[in-house]
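Working notes for the structure below.
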Amino acid sequence: MGTLKIDKHIVKYRVGKPEEKTPELKPVAEARPSAKVIRMTEEIQRPEMLIGSTYKIKTPVSDHAMYVTINDIVLNEGTEHEQRRPFEVFINSKNLDHFQWIVALTRIISAVFRKGGDVTFLVEELKAVFDPRGGYWQPGGRFMPSIIAELGYVIEKHLQMIGLLRPAGLDEHQKKLIEEKRAEFEARQKQHDAFSKSHFPEGAQLCTKCSTAAVVMMDGCMTCLNCGESKCG
């Protein structure tokens, strides 16, 4: 009986049933499915000219202002279904410290705009970003937790202007209630300020003769420290 010598080692094997045919091996490049790009909406090419608005952001945490430009595309122009939607955003600033995240943020936001669909979620996402070093106050009393949050407010303002977001407002009942509370507070504040400027002791009562909050208890008798009026004569 002859001996068969095997020069190659068997590293893999497969046990199959008699009725099962061994599938033909395909090259690796053919076995992998090719990546297919699925677009959520119809692809829209950028026109040569777009309409837009530029907003200025000046913060106390930076010496240089930021200029945010949002360009819009008009869909179905000239028809009853005409709609203006944001298409791209650009941010310009002399402060090169923010250059990297400015470029990254503008590309991401622009990509979301071009995808279409509901892009209003960007507003809440950006407004929720907090700076670990602390925020700052805007003129008028609004607190901004970060520069990114103010960018979210700018995009919100723009989306309200083009009609994608409704302006945040109060109904007539709420407006009336706030006006009443404001008038009540201002009246109370005026009275408090008038008393606080007085050089008479705190807690002094109003004198019926000189109309000055200067009546205090002295020797068991209510006496005005301004005009000398006393209940005891």
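Starting from 1 in every chain, residues are counted up; chains themselves are A, B, ... following the order of the structure tokens, and ligands are numbered from 1 as listed.
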Checklist line | Neighbour list for Arg46 (chain A) as an MDAnalysis selection string, cut-off 10 Å, only C-alpha atoms, skip fewer than 5 positions in-chain | finding: chainID A and resid 73 87:88 114
Margin query: Among region 111-223 of chain A, which ones does DSSP assign to strand (DSSP E) (computed from the backbone)? Answer as a list of chain:residue names.
Written below: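 Selecting the strand (DSSP E) positions of region 111-223 of chain A gives A:Tyr136, A:Trp137, A:Phe143, A:Met144, A:Gln205, A:Leu206, A:Ala213, A:Ala214, A:Val215, A:Val216, A:Met217, A:Met218, A:Cys221, A:Met222, A:Thr223.
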Could you take the residues named above and write them with N, CA, C and O atoms, as a PDB file, in the first residue's frame?
ATOM      1  N   TYR A 136     -23.429  84.424  30.545  1.00  0.00           N
ATOM      2  CA  TYR A 136     -23.371  85.888  30.616  1.00  0.00           C
ATOM      3  C   TYR A 136     -24.783  86.431  30.420  1.00  0.00           C
ATOM      4  O   TYR A 136     -25.693  85.736  29.967  1.00  0.00           O
ATOM      5  N   TRP A 137     -24.937  87.707  30.779  1.00  0.00           N
ATOM      6  CA  TRP A 137     -26.225  88.377  30.678  1.00  0.00           C
ATOM      7  C   TRP A 137     -26.254  89.258  29.439  1.00  0.00           C
ATOM      8  O   TRP A 137     -25.308  89.972  29.152  1.00  0.00           O
ATOM      9  N   PHE A 143     -30.448  85.751  30.284  1.00  0.00           N
ATOM     10  CA  PHE A 143     -29.216  85.039  30.587  1.00  0.00           C
ATOM     11  C   PHE A 143     -28.899  84.052  29.472  1.00  0.00           C
ATOM     12  O   PHE A 143     -29.762  83.292  29.040  1.00  0.00           O
ATOM     13  N   MET A 144     -27.655  84.075  29.004  1.00  0.00           N
ATOM     14  CA  MET A 144     -27.196  83.146  27.978  1.00  0.00           C
ATOM     15  C   MET A 144     -26.207  82.168  28.602  1.00  0.00           C
ATOM     16  O   MET A 144     -25.160  82.588  29.101  1.00  0.00           O
ATOM     17  N   GLN A 205     -44.446 105.441  61.513  1.00  0.00           N
ATOM     18  CA  GLN A 205     -45.747 105.525  60.880  1.00  0.00           C
ATOM     19  C   GLN A 205     -45.953 106.889  60.235  1.00  0.00           C
ATOM     20  O   GLN A 205     -45.172 107.831  60.446  1.00  0.00           O
ATOM     21  N   LEU A 206     -47.006 106.962  59.433  1.00  0.00           N
ATOM     22  CA  LEU A 206     -47.285 108.190  58.700  1.00  0.00           C
ATOM     23  C   LEU A 206     -47.973 109.211  59.596  1.00  0.00           C
ATOM     24  O   LEU A 206     -48.942 108.898  60.288  1.00  0.00           O
ATOM     25  N   ALA A 213     -43.534 109.846  57.124  1.00  0.00           N
ATOM     26  CA  ALA A 213     -43.403 108.618  57.902  1.00  0.00           C
ATOM     27  C   ALA A 213     -42.370 108.844  58.993  1.00  0.00           C
ATOM     28  O   ALA A 213     -41.202 108.451  58.866  1.00  0.00           O
ATOM     29  N   ALA A 214     -42.815 109.535  60.062  1.00  0.00           N
ATOM     30  CA  ALA A 214     -41.893 109.902  61.131  1.00  0.00           C
ATOM     31  C   ALA A 214     -42.505 109.760  62.515  1.00  0.00           C
ATOM     32  O   ALA A 214     -41.949 110.243  63.497  1.00  0.00           O
ATOM     33  N   VAL A 215     -43.654 109.104  62.636  1.00  0.00           N
ATOM     34  CA  VAL A 215     -44.332 108.963  63.923  1.00  0.00           C
ATOM     35  C   VAL A 215     -43.821 107.716  64.630  1.00  0.00           C
ATOM     36  O   VAL A 215     -43.926 106.599  64.103  1.00  0.00           O
ATOM     37  N   VAL A 216     -43.254 107.909  65.815  1.00  0.00           N
ATOM     38  CA  VAL A 216     -42.726 106.807  66.619  1.00  0.00           C
ATOM     39  C   VAL A 216     -43.264 106.930  68.038  1.00  0.00           C
ATOM     40  O   VAL A 216     -43.813 107.968  68.436  1.00  0.00           O
ATOM     41  N   MET A 217     -43.116 105.883  68.833  1.00  0.00           N
ATOM     42  CA  MET A 217     -43.553 105.878  70.226  1.00  0.00           C
ATOM     43  C   MET A 217     -42.449 106.492  71.085  1.00  0.00           C
ATOM     44  O   MET A 217     -41.329 105.991  71.126  1.00  0.00           O
ATOM     45  N   MET A 218     -42.785 107.588  71.764  1.00  0.00           N
ATOM     46  CA  MET A 218     -41.833 108.262  72.661  1.00  0.00           C
ATOM     47  C   MET A 218     -42.511 108.545  74.002  1.00  0.00           C
ATOM     48  O   MET A 218     -43.544 109.206  74.037  1.00  0.00           O
ATOM     49  N   CYS A 221     -46.118 107.825  74.123  1.00  0.00           N
ATOM     50  CA  CYS A 221     -47.012 108.649  73.311  1.00  0.00           C
ATOM     51  C   CYS A 221     -46.507 108.668  71.875  1.00  0.00           C
ATOM     52  O   CYS A 221     -45.305 108.762  71.635  1.00  0.00           O
ATOM     53  N   MET A 222     -47.413 108.589  70.920  1.00  0.00           N
ATOM     54  CA  MET A 222     -47.051 108.628  69.505  1.00  0.00           C
ATOM     55  C   MET A 222     -46.686 110.054  69.133  1.00  0.00           C
ATOM     56  O   MET A 222     -47.507 110.975  69.225  1.00  0.00           O
ATOM     57  N   THR A 223     -45.455 110.252  68.709  1.00  0.00           N
ATOM     58  CA  THR A 223     -44.942 111.588  68.437  1.00  0.00           C
ATOM     59  C   THR A 223     -44.275 111.608  67.068  1.00  0.00           C
ATOM     60  O   THR A 223     -43.554 110.679  66.694  1.00  0.00           O
TER      61      THR A 223
END
Could you give me, as a short mmCIF file (atom, residue, chain, number, x, y, z; two decimals) with N, CA and C atoms, in the first residue's frame, the residues within 10 Å of Phe130 (chain A), counting only C-alpha atoms and dropping anything in the same chain fewer than 5 positions from it?
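Final file, selection-v7.cif:
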data_model
loop_
_atom_site.label_atom_id
_atom_site.label_comp_id
_atom_site.auth_asym_id
_atom_site.auth_seq_id
_atom_site.Cartn_x
_atom_site.Cartn_y
_atom_site.Cartn_z
N GLY A 135 -22.08 81.42 32.05
CA GLY A 135 -22.68 82.17 30.96
C GLY A 135 -22.53 83.66 31.15
N MET A 144 -27.65 84.08 29.00
CA MET A 144 -27.20 83.15 27.98
C MET A 144 -26.21 82.17 28.60
N PRO A 145 -26.51 80.87 28.60
CA PRO A 145 -25.60 79.90 29.22
C PRO A 145 -24.32 79.67 28.43
N SER A 146 -24.29 80.04 27.14
CA SER A 146 -23.09 79.84 26.33
C SER A 146 -23.26 80.59 25.00
N ILE A 147 -22.14 80.69 24.25
CA ILE A 147 -22.21 81.28 22.92
C ILE A 147 -23.03 80.39 21.98
N ILE A 148 -22.90 79.08 22.15
CA ILE A 148 -23.68 78.15 21.32
C ILE A 148 -25.17 78.34 21.56
N ALA A 149 -25.54 78.58 22.82
CA ALA A 149 -26.96 78.81 23.13
C ALA A 149 -27.47 80.07 22.44
#
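Atom pair CA of Pro86 (chain A) / CA of Leu159 (chain A): separated by 7.9 Å.
Nearest residue to Val68 (chain A), choosing from A:Leu151, A:Leu225, A:Met49, A:Ile91 and counting only C-alpha atoms: A:Ile91.
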Margin query: Just checking: using only C-alpha atoms, which residue out of A:Gly228, A:Pro47, A:Pro201, A:Pro60 ends up closest to Val74 (chain A)?
Written below: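 Among the listed residues, the smallest separation from Val74 (chain A) belongs to A:Pro47.
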So that I can check the surroundings of region 153-157 of chain A, please list as a short mmCIF file (atom, residue, chain, number, x, y, z; two decimals) with N, CA and C atoms, in the first residue's frame every protein, DNA and RNA residue that reaches within 8 Å of it, counting only C-alpha atoms and ignoring chain neighbours fewer than 2 positions away.
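Dumped to around-v4.cif:
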data_model
loop_
_atom_site.label_atom_id
_atom_site.label_comp_id
_atom_site.auth_asym_id
_atom_site.auth_seq_id
_atom_site.Cartn_x
_atom_site.Cartn_y
_atom_site.Cartn_z
N TYR A 55 -26.82 88.13 11.23
CA TYR A 55 -27.08 88.54 12.60
C TYR A 55 -25.74 88.74 13.33
N THR A 120 -36.32 72.28 13.06
CA THR A 120 -36.50 73.16 14.22
C THR A 120 -35.92 72.57 15.50
N VAL A 123 -32.85 74.20 17.33
CA VAL A 123 -32.97 75.34 18.24
C VAL A 123 -32.84 74.89 19.69
N LYS A 127 -29.71 75.62 22.31
CA LYS A 127 -30.01 76.44 23.48
C LYS A 127 -29.73 75.70 24.79
N ALA A 149 -25.54 78.58 22.82
CA ALA A 149 -26.96 78.81 23.13
C ALA A 149 -27.47 80.07 22.44
N GLU A 150 -26.63 81.11 22.40
CA GLU A 150 -27.06 82.34 21.71
C GLU A 150 -27.20 82.09 20.21
N LEU A 151 -26.35 81.24 19.66
CA LEU A 151 -26.50 80.85 18.27
C LEU A 151 -27.84 80.15 18.05
N LEU A 159 -35.86 81.32 12.01
CA LEU A 159 -36.94 80.39 11.64
C LEU A 159 -38.31 81.01 11.89
N GLN A 160 -38.43 81.84 12.92
CA GLN A 160 -39.69 82.55 13.16
C GLN A 160 -39.95 83.57 12.06
N MET A 161 -38.88 84.20 11.57
CA MET A 161 -39.04 85.22 10.54
C MET A 161 -39.52 84.62 9.21
N LEU A 165 -41.29 78.58 12.48
CA LEU A 165 -41.60 78.53 13.91
C LEU A 165 -42.56 79.65 14.26
#
Notebook entry, point to check: If you measure from CA of Thr69 (chain A) to CA of Pro139 (chain A), what distance in Å do you get, rounded to one decimal?
Noted result: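 Taking CA of Thr69 (chain A) and CA of Pro139 (chain A), their separation equals 21.9 Å.
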Notebook entry, point to check: What is the distance, in Å and to one decimal place, between CA of Glu125 (chain A) and CA of Asp97 (chain A)?
Noted result: 22.9 Å
Checklist line | From A:Gly220, A:Leu50, A:His158, A:Glu229, residue lying nearest Thr208 (chain A) [only C-alpha atoms] | finding: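 Using only C-alpha atoms, Thr208 (chain A) sits closest to A:Glu229.
Residues in contact with Ser110 (chain A) at 10 Å, where only C-alpha atoms are counted and same-chain residues fewer than 2 positions away are skipped, are listed as Ile70, Asn71, Pro86, Phe87, Glu88, Val89, Phe90, Leu105, Thr106, Arg107, Ile108, Val112, Phe113, Arg114 and Lys115 of chain A.
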For those residues, write all heavy atoms to a file as a tab-separated table (two decimals), in the first residue's frame.
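Listed below is the output, out-v5.tsv:
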chain	number	residue	atom	x	y	z
A	70	ILE	N	-27.41	83.28	7.60
A	70	ILE	CA	-28.25	82.12	7.25
A	70	ILE	C	-28.88	82.39	5.90
A	70	ILE	O	-29.64	83.36	5.74
A	70	ILE	CB	-29.34	81.87	8.31
A	70	ILE	CG1	-28.70	81.72	9.70
A	70	ILE	CG2	-30.15	80.64	7.96
A	70	ILE	CD1	-29.71	81.54	10.81
A	71	ASN	N	-28.53	81.56	4.93
A	71	ASN	CA	-29.09	81.68	3.58
A	71	ASN	C	-30.25	80.72	3.40
A	71	ASN	O	-30.20	79.58	3.88
A	71	ASN	CB	-28.01	81.40	2.53
A	71	ASN	CG	-26.95	82.49	2.50
A	71	ASN	OD1	-27.24	83.65	2.79
A	71	ASN	ND2	-25.74	82.13	2.13
A	86	PRO	N	-34.31	77.25	5.34
A	86	PRO	CA	-32.87	77.50	5.49
A	86	PRO	C	-32.06	76.47	4.71
A	86	PRO	O	-32.42	75.28	4.67
A	86	PRO	CB	-32.65	77.38	7.00
A	86	PRO	CG	-33.75	76.50	7.48
A	86	PRO	CD	-34.93	76.81	6.60
A	87	PHE	N	-30.97	76.93	4.11
A	87	PHE	CA	-30.16	76.04	3.27
A	87	PHE	C	-28.73	75.91	3.77
A	87	PHE	O	-28.14	74.83	3.68
A	87	PHE	CB	-30.16	76.56	1.83
A	87	PHE	CG	-29.56	75.60	0.84
A	87	PHE	CD1	-30.30	74.55	0.35
A	87	PHE	CD2	-28.25	75.76	0.41
A	87	PHE	CE1	-29.74	73.65	-0.56
A	87	PHE	CE2	-27.68	74.87	-0.50
A	87	PHE	CZ	-28.44	73.82	-0.99
A	88	GLU	N	-28.15	76.98	4.30
A	88	GLU	CA	-26.77	76.94	4.77
A	88	GLU	C	-26.55	78.06	5.78
A	88	GLU	O	-27.31	79.02	5.85
A	88	GLU	CB	-25.79	77.08	3.60
A	88	GLU	CG	-25.96	78.37	2.83
A	88	GLU	CD	-25.15	78.41	1.54
A	88	GLU	OE1	-24.61	77.35	1.17
A	88	GLU	OE2	-25.07	79.49	0.92
A	89	VAL	N	-25.50	77.92	6.56
A	89	VAL	CA	-25.16	78.91	7.57
A	89	VAL	C	-23.66	79.15	7.54
A	89	VAL	O	-22.87	78.22	7.31
A	89	VAL	CB	-25.64	78.45	8.97
A	89	VAL	CG1	-24.98	77.15	9.37
A	89	VAL	CG2	-25.36	79.52	10.02
A	90	PHE	N	-23.27	80.40	7.75
A	90	PHE	CA	-21.86	80.79	7.84
A	90	PHE	C	-21.67	81.63	9.09
A	90	PHE	O	-22.52	82.46	9.44
A	90	PHE	CB	-21.43	81.59	6.61
A	90	PHE	CG	-21.54	80.83	5.32
A	90	PHE	CD1	-22.64	81.02	4.49
A	90	PHE	CD2	-20.57	79.92	4.94
A	90	PHE	CE1	-22.75	80.32	3.30
A	90	PHE	CE2	-20.67	79.22	3.75
A	90	PHE	CZ	-21.77	79.42	2.93
A	105	LEU	N	-19.21	73.34	13.27
A	105	LEU	CA	-20.62	73.60	13.56
A	105	LEU	C	-21.36	74.08	12.31
A	105	LEU	O	-22.50	73.65	12.05
A	105	LEU	CB	-20.74	74.63	14.67
A	105	LEU	CG	-22.08	74.72	15.40
A	105	LEU	CD1	-22.41	73.39	16.05
A	105	LEU	CD2	-22.03	75.83	16.45
A	106	THR	N	-20.74	74.95	11.53
A	106	THR	CA	-21.42	75.44	10.32
A	106	THR	C	-21.65	74.32	9.31
A	106	THR	O	-22.69	74.27	8.66
A	106	THR	CB	-20.60	76.56	9.67
A	106	THR	OG1	-19.25	76.11	9.47
A	106	THR	CG2	-20.58	77.80	10.55
A	107	ARG	N	-20.69	73.41	9.20
A	107	ARG	CA	-20.86	72.30	8.24
A	107	ARG	C	-21.97	71.35	8.69
A	107	ARG	O	-22.76	70.87	7.87
A	107	ARG	CB	-19.55	71.55	8.09
A	107	ARG	CG	-18.47	72.36	7.36
A	107	ARG	CD	-17.19	71.56	7.18
A	107	ARG	NE	-16.18	72.32	6.48
A	107	ARG	CZ	-14.97	71.87	6.18
A	107	ARG	NH1	-14.63	70.63	6.55
A	107	ARG	NH2	-14.10	72.62	5.55
A	108	ILE	N	-22.02	71.08	10.00
A	108	ILE	CA	-23.05	70.17	10.50
A	108	ILE	C	-24.44	70.78	10.36
A	108	ILE	O	-25.38	70.13	9.89
A	108	ILE	CB	-22.76	69.79	11.96
A	108	ILE	CG1	-21.48	68.95	12.05
A	108	ILE	CG2	-23.93	69.03	12.57
A	108	ILE	CD1	-21.04	68.66	13.46
A	112	VAL	N	-27.65	69.52	8.02
A	112	VAL	CA	-28.99	69.24	8.54
A	112	VAL	C	-30.03	70.05	7.77
A	112	VAL	O	-31.11	69.55	7.44
A	112	VAL	CB	-29.05	69.56	10.04
A	112	VAL	CG1	-30.49	69.46	10.56
A	112	VAL	CG2	-28.15	68.63	10.83
A	113	PHE	N	-29.71	71.31	7.45
A	113	PHE	CA	-30.63	72.13	6.67
A	113	PHE	C	-30.91	71.51	5.30
A	113	PHE	O	-32.05	71.47	4.84
A	113	PHE	CB	-30.06	73.54	6.49
A	113	PHE	CG	-30.15	74.40	7.72
A	113	PHE	CD1	-29.40	75.56	7.83
A	113	PHE	CD2	-31.00	74.07	8.76
A	113	PHE	CE1	-29.49	76.36	8.95
A	113	PHE	CE2	-31.10	74.86	9.90
A	113	PHE	CZ	-30.34	76.02	9.99
A	114	ARG	N	-29.86	71.00	4.66
A	114	ARG	CA	-30.02	70.46	3.31
A	114	ARG	C	-30.75	69.12	3.32
A	114	ARG	O	-31.31	68.72	2.30
A	114	ARG	CB	-28.64	70.29	2.64
A	114	ARG	CG	-27.95	71.63	2.37
A	114	ARG	CD	-26.73	71.42	1.50
A	114	ARG	NE	-26.01	72.66	1.29
A	114	ARG	CZ	-24.91	73.02	1.93
A	114	ARG	NH1	-24.37	72.19	2.81
A	114	ARG	NH2	-24.31	74.16	1.67
A	115	LYS	N	-30.72	68.40	4.44
A	115	LYS	CA	-31.44	67.13	4.53
A	115	LYS	C	-32.94	67.33	4.47
A	115	LYS	O	-33.70	66.45	4.10
A	115	LYS	CB	-31.07	66.41	5.83
A	115	LYS	CG	-29.76	65.66	5.78
A	115	LYS	CD	-29.83	64.46	4.86
A	115	LYS	CE	-28.57	63.66	4.88
A	115	LYS	NZ	-28.62	62.51	3.95
Notebook entry, point to check: So which bits of region 25-185 of chain A end up alpha helix (DSSP H) when you DSSP the backbone, as an NGL selection string?
Noted result: :A and (28-31 or 99-115 or 121-127 or 147-162 or 172-185)
